[in-house]
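Below is coords.pdb, which holds PDB, C-alpha atoms, pLDDT in the B column.
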ATOM      1  CA  MET A  17     128.432  19.392 120.896  1.00 53.00           C
ATOM      2  CA  MET A  18     129.137  22.058 118.513  1.00 54.00           C
ATOM      3  CA  THR A  19     132.435  22.598 117.070  1.00 62.00           C
ATOM      4  CA  SER A  20     134.161  25.782 117.520  1.00 68.00           C
ATOM      5  CA  LYS A  21     133.511  26.731 113.934  1.00 68.00           C
ATOM      6  CA  GLU A  22     129.820  26.117 114.383  1.00 72.00           C
ATOM      7  CA  GLU A  23     129.769  28.121 117.586  1.00 72.00           C
ATOM      8  CA  GLN A  24     131.707  30.859 115.969  1.00 72.00           C
ATOM      9  CA  SER A  25     129.310  30.851 113.022  1.00 72.00           C
ATOM     10  CA  LYS A  26     126.317  30.829 115.371  1.00 71.00           C
ATOM     11  CA  ASN A  27     127.742  33.695 117.409  1.00 71.00           C
ATOM     12  CA  THR A  28     128.501  35.606 114.246  1.00 70.00           C
ATOM     13  CA  ASN A  29     124.932  35.088 113.019  1.00 70.00           C
ATOM     14  CA  GLN A  30     123.534  36.248 116.351  1.00 72.00           C
ATOM     15  CA  LEU A  31     125.829  39.237 116.334  1.00 65.00           C
ATOM     16  CA  LEU A  32     124.787  40.083 112.767  1.00 64.00           C
ATOM     17  CA  CYS A  33     121.107  39.761 113.689  1.00 67.00           C
ATOM     18  CA  THR A  34     121.588  41.966 116.715  1.00 69.00           C
ATOM     19  CA  LEU A  35     123.619  44.415 114.688  1.00 59.00           C
ATOM     20  CA  ASP A  36     121.015  44.372 111.919  1.00 66.00           C
ATOM     21  CA  ALA A  37     118.187  44.938 114.407  1.00 65.00           C
ATOM     22  CA  SER A  38     120.134  47.710 116.088  1.00 65.00           C
ATOM     23  CA  THR A  39     120.942  49.316 112.758  1.00 63.00           C
ATOM     24  CA  THR A  40     117.309  49.060 111.674  1.00 65.00           C
ATOM     25  CA  ALA A  41     116.119  50.596 114.948  1.00 58.00           C
ATOM     26  CA  THR A  42     118.736  53.331 114.733  1.00 62.00           C
ATOM     27  CA  SER A  43     117.855  53.950 111.113  1.00 61.00           C
ATOM     28  CA  HIS A  44     114.157  54.128 111.971  1.00 62.00           C
ATOM     29  CA  THR A  45     114.892  56.488 114.876  1.00 63.00           C
ATOM     30  CA  THR A  46     117.142  58.591 112.676  1.00 61.00           C
ATOM     31  CA  ASN A  47     114.511  58.739 109.920  1.00 61.00           C
ATOM     32  CA  HIS A  48     111.859  59.685 112.461  1.00 62.00           C
ATOM     33  CA  THR A  49     114.143  62.341 113.937  1.00 62.00           C
ATOM     34  CA  ILE A  50     114.939  63.694 110.483  1.00 61.00           C
ATOM     35  CA  MET A  51     111.237  63.776 109.585  1.00 62.00           C
ATOM     36  CA  LYS A  52     110.416  65.387 112.923  1.00 66.00           C
ATOM     37  CA  THR A  53     113.199  67.959 112.470  1.00 66.00           C
ATOM     38  CA  SER A  54     112.066  68.592 108.908  1.00 66.00           C
ATOM     39  CA  SER A  55     108.478  68.963 110.071  1.00 70.00           C
ATOM     40  CA  THR A  56     109.548  71.303 112.879  1.00 76.00           C
ATOM     41  CA  THR A  57     111.642  73.369 110.475  1.00 78.00           C
ATOM     42  CA  SER A  58     108.745  73.513 108.043  1.00 81.00           C
ATOM     43  CA  THR A  59     106.357  74.552 110.832  1.00 85.00           C
ATOM     44  CA  LYS A  60     108.774  77.235 112.041  1.00 85.00           C
ATOM     45  CA  ALA A  61     109.152  78.564 108.490  1.00 86.00           C
ATOM     46  CA  SER A  62     105.387  78.594 108.082  1.00 89.00           C
ATOM     47  CA  ILE A  63     104.897  80.429 111.381  1.00 91.00           C
ATOM     48  CA  SER A  64     107.631  82.889 110.435  1.00 91.00           C
ATOM     49  CA  GLN A  65     105.907  83.548 107.098  1.00 93.00           C
ATOM     50  CA  HIS A  66     102.557  84.075 108.866  1.00 93.00           C
ATOM     51  CA  ILE A  67     104.165  86.555 111.252  1.00 94.00           C
ATOM     52  CA  LYS A  68     105.723  88.495 108.359  1.00 94.00           C
ATOM     53  CA  THR A  69     102.384  88.569 106.560  1.00 95.00           C
ATOM     54  CA  LEU A  70     100.612  89.821 109.691  1.00 95.00           C
ATOM     55  CA  GLN A  71     103.252  92.516 110.161  1.00 96.00           C
ATOM     56  CA  GLN A  72     102.790  93.652 106.549  1.00 96.00           C
ATOM     57  CA  LEU A  73      99.021  93.731 106.991  1.00 96.00           C
ATOM     58  CA  ASN A  74      99.432  95.708 110.199  1.00 96.00           C
ATOM     59  CA  ASN A  75     101.653  98.251 108.447  1.00 96.00           C
ATOM     60  CA  GLU A  76      99.191  98.580 105.555  1.00 96.00           C
ATOM     61  CA  TYR A  77      96.338  99.021 108.040  1.00 96.00           C
ATOM     62  CA  LYS A  78      98.225 101.814 109.828  1.00 96.00           C
ATOM     63  CA  GLN A  79      98.899 103.530 106.484  1.00 97.00           C
ATOM     64  CA  LEU A  80      95.234 103.245 105.540  1.00 96.00           C
ATOM     65  CA  GLN A  81      94.169 104.686 108.897  1.00 97.00           C
ATOM     66  CA  TYR A  82      96.532 107.623 108.396  1.00 97.00           C
ATOM     67  CA  SER A  83      95.204 108.192 104.865  1.00 96.00           C
ATOM     68  CA  GLU A  84      91.633 108.021 106.141  1.00 96.00           C
ATOM     69  CA  SER A  85      92.307 110.620 108.838  1.00 96.00           C
ATOM     70  CA  GLN A  86      93.949 112.908 106.258  1.00 97.00           C
ATOM     71  CA  LEU A  87      90.983 112.521 103.890  1.00 96.00           C
ATOM     72  CA  THR A  88      88.517 113.140 106.717  1.00 96.00           C
ATOM     73  CA  THR A  89      90.356 116.331 107.677  1.00 96.00           C
ATOM     74  CA  TYR A  90      90.359 117.468 104.057  1.00 97.00           C
ATOM     75  CA  LEU A  91      86.650 116.666 103.742  1.00 96.00           C
ATOM     76  CA  HIS A  92      85.838 118.796 106.807  1.00 96.00           C
ATOM     77  CA  ARG A  93      87.848 121.692 105.369  1.00 97.00           C
ATOM     78  CA  LEU A  94      86.004 121.404 102.051  1.00 96.00           C
ATOM     79  CA  GLN A  95      82.644 121.300 103.828  1.00 96.00           C
ATOM     80  CA  GLN A  96      83.537 124.462 105.766  1.00 96.00           C
ATOM     81  CA  GLN A  97      84.574 126.186 102.527  1.00 96.00           C
ATOM     82  CA  GLN A  98      81.355 125.077 100.878  1.00 96.00           C
ATOM     83  CA  THR A  99      79.331 126.527 103.745  1.00 94.00           C
ATOM     84  CA  SER A 100      81.266 129.809 103.562  1.00 93.00           C
ATOM     85  CA  LEU A 101      80.852 130.037  99.795  1.00 93.00           C
ATOM     86  CA  GLN A 102      77.137 129.256 100.013  1.00 91.00           C
ATOM     87  CA  LEU A 103      76.695 131.980 102.621  1.00 88.00           C
ATOM     88  CA  ALA A 104      78.654 134.448 100.476  1.00 86.00           C
ATOM     89  CA  LEU A 105      76.546 133.550  97.441  1.00 85.00           C
ATOM     90  CA  ASP A 106      73.328 134.012  99.395  1.00 80.00           C
ATOM     91  CA  GLN A 107      74.537 137.382 100.688  1.00 78.00           C
ATOM     92  CA  SER A 108      75.662 138.538  97.259  1.00 78.00           C
ATOM     93  CA  SER A 109      72.354 137.461  95.734  1.00 75.00           C
ATOM     94  CA  THR A 110      70.483 139.370  98.400  1.00 71.00           C
ATOM     95  CA  SER A 111      72.696 142.402  97.864  1.00 75.00           C
ATOM     96  CA  ILE A 112      72.107 142.306  94.123  1.00 77.00           C
ATOM     97  CA  GLU A 113      68.365 142.023  94.664  1.00 78.00           C
ATOM     98  CA  GLN A 114      68.418 144.854  97.157  1.00 83.00           C
ATOM     99  CA  GLN A 115      70.541 146.911  94.790  1.00 81.00           C
ATOM    100  CA  ARG A 116      68.081 146.282  91.940  1.00 85.00           C
ATOM    101  CA  ASP A 117      65.179 147.243  94.172  1.00 87.00           C
ATOM    102  CA  LYS A 118      66.906 150.518  95.123  1.00 87.00           C
ATOM    103  CA  GLU A 119      67.708 151.294  91.483  1.00 90.00           C
ATOM    104  CA  SER A 120      64.140 150.541  90.469  1.00 93.00           C
ATOM    105  CA  LYS A 121      62.804 152.730  93.253  1.00 93.00           C
ATOM    106  CA  LEU A 122      65.124 155.569  92.249  1.00 93.00           C
ATOM    107  CA  LYS A 123      64.019 155.292  88.622  1.00 95.00           C
ATOM    108  CA  ASP A 124      60.391 155.324  89.692  1.00 95.00           C
ATOM    109  CA  ASP A 125      60.975 158.385  91.895  1.00 96.00           C
ATOM    110  CA  GLU A 126      62.758 160.185  89.055  1.00 96.00           C
ATOM    111  CA  ALA A 127      59.956 159.313  86.647  1.00 95.00           C
ATOM    112  CA  VAL A 128      57.376 160.654  89.095  1.00 94.00           C
ATOM    113  CA  LYS A 129      59.349 163.898  89.501  1.00 94.00           C
ATOM    114  CA  ARG A 130      59.619 164.364  85.747  1.00 94.00           C
ATOM    115  CA  LEU A 131      55.927 163.692  85.377  1.00 92.00           C
ATOM    116  CA  GLU A 132      55.124 166.183  88.104  1.00 92.00           C
ATOM    117  CA  GLU A 133      57.408 168.731  86.482  1.00 91.00           C
ATOM    118  CA  ALA A 134      55.791 168.111  83.135  1.00 90.00           C
ATOM    119  CA  LEU A 135      52.363 168.532  84.638  1.00 90.00           C
ATOM    120  CA  MET A 136      53.444 171.662  86.460  1.00 88.00           C
ATOM    121  CA  MET A 137      54.741 173.122  83.232  1.00 86.00           C
ATOM    122  CA  ASN A 138      51.466 172.331  81.538  1.00 79.00           C
ATOM    123  CA  ASP A 139      49.614 174.098  84.316  1.00 74.00           C
ATOM    124  CA  ASP A 140      51.832 177.154  83.918  1.00 70.00           C
ATOM    125  CA  ASP A 141      51.354 177.065  80.175  1.00 65.00           C
ATOM    126  CA  SER A 142      47.604 176.687  80.480  1.00 62.00           C
ATOM    127  CA  ASP A 143      47.412 179.634  82.909  1.00 60.00           C
ATOM    128  CA  SER A 144      49.373 181.881  80.596  1.00 57.00           C
ATOM    129  CA  SER A 145      47.363 180.783  77.576  1.00 56.00           C
ATOM    130  CA  ASP A 146      44.142 181.462  79.492  1.00 55.00           C
ATOM    131  CA  ASP A 147      45.435 184.911  80.257  1.00 54.00           C
ATOM    132  CA  VAL A 148      46.270 185.482  76.656  1.00 50.00           C
ATOM    133  CA  CYS A 149      42.881 184.286  75.552  1.00 52.00           C
ATOM    134  CA  SER A 150      40.999 186.388  78.032  1.00 51.00           C
ATOM    135  CA  VAL A 151      42.720 189.534  77.067  1.00 46.00           C
TER     136      VAL A 151
END

Would you mind writing the file out in structure tokens?
Amino acid sequence: MMTSKEEQSKNTNQLLCTLDASTTATSHTTNHTIMKTSSTTSTKASISQHIKTLQQLNNEYKQLQYSESQLTTYLHRLQQQQTSLQLALDQSSTSIEQQRDKESKLKDDEAVKRLEEALMMNDDDSDSSDDVCSV
């Protein structure tokens, strides 16, 4: 039989082995839990960062849409002004051409009148000179 010291030593060894195994298992579980918690925290931080990025992109997209609508409105206004100015230019060009035609016609009419007057004066002069000659 074993002596009490041997039994006590054996029991102590068994207790140490059990304690060591328990500590190792607890340590492994703790390490796993810490790694899992760290991984979960990292994943949550990553998801949070993705959400912030998406929110920023969404805000930028809304700003770009607003800018686009403003530019489109401005473009339509400019196109309307261009159309109005083109119409005004066409009308003014036509008016100038019509005005030139009227002025040209008036000058021609005046020239014809002066020519007729000049011819009429020559006829009067030739009648009076014929009279003078025949006398």

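For the atom pair formed by atom CA of Ser120 of chain A and atom CA of Glu133 of chain A, the distance is 19.8 Å, given to one decimal.
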
**Study point:** atom CA of Glu119 of chain A to atom CA of Asn138 of chain A, straight-line distance in Å
**Key:** 28.4 Å

Find the axis-aligned box for segment 124-131 of chain A, covering all its listed atoms and adding 3 Å on each side, and write its centre and edge lengths in Å to one decimal as lines of an AutoDock Vina configuration file.
center_x = 59.3
center_y = 159.8
center_z = 88.6
size_x = 12.8
size_y = 15.0
size_z = 12.5

Practice item. To one decimal in Å, tell me the separation between atom CA of Glu76 of chain A and atom CA of Thr57 of chain A. Key: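 Atom CA of Glu76 of chain A sits 28.5 Å away from atom CA of Thr57 of chain A.
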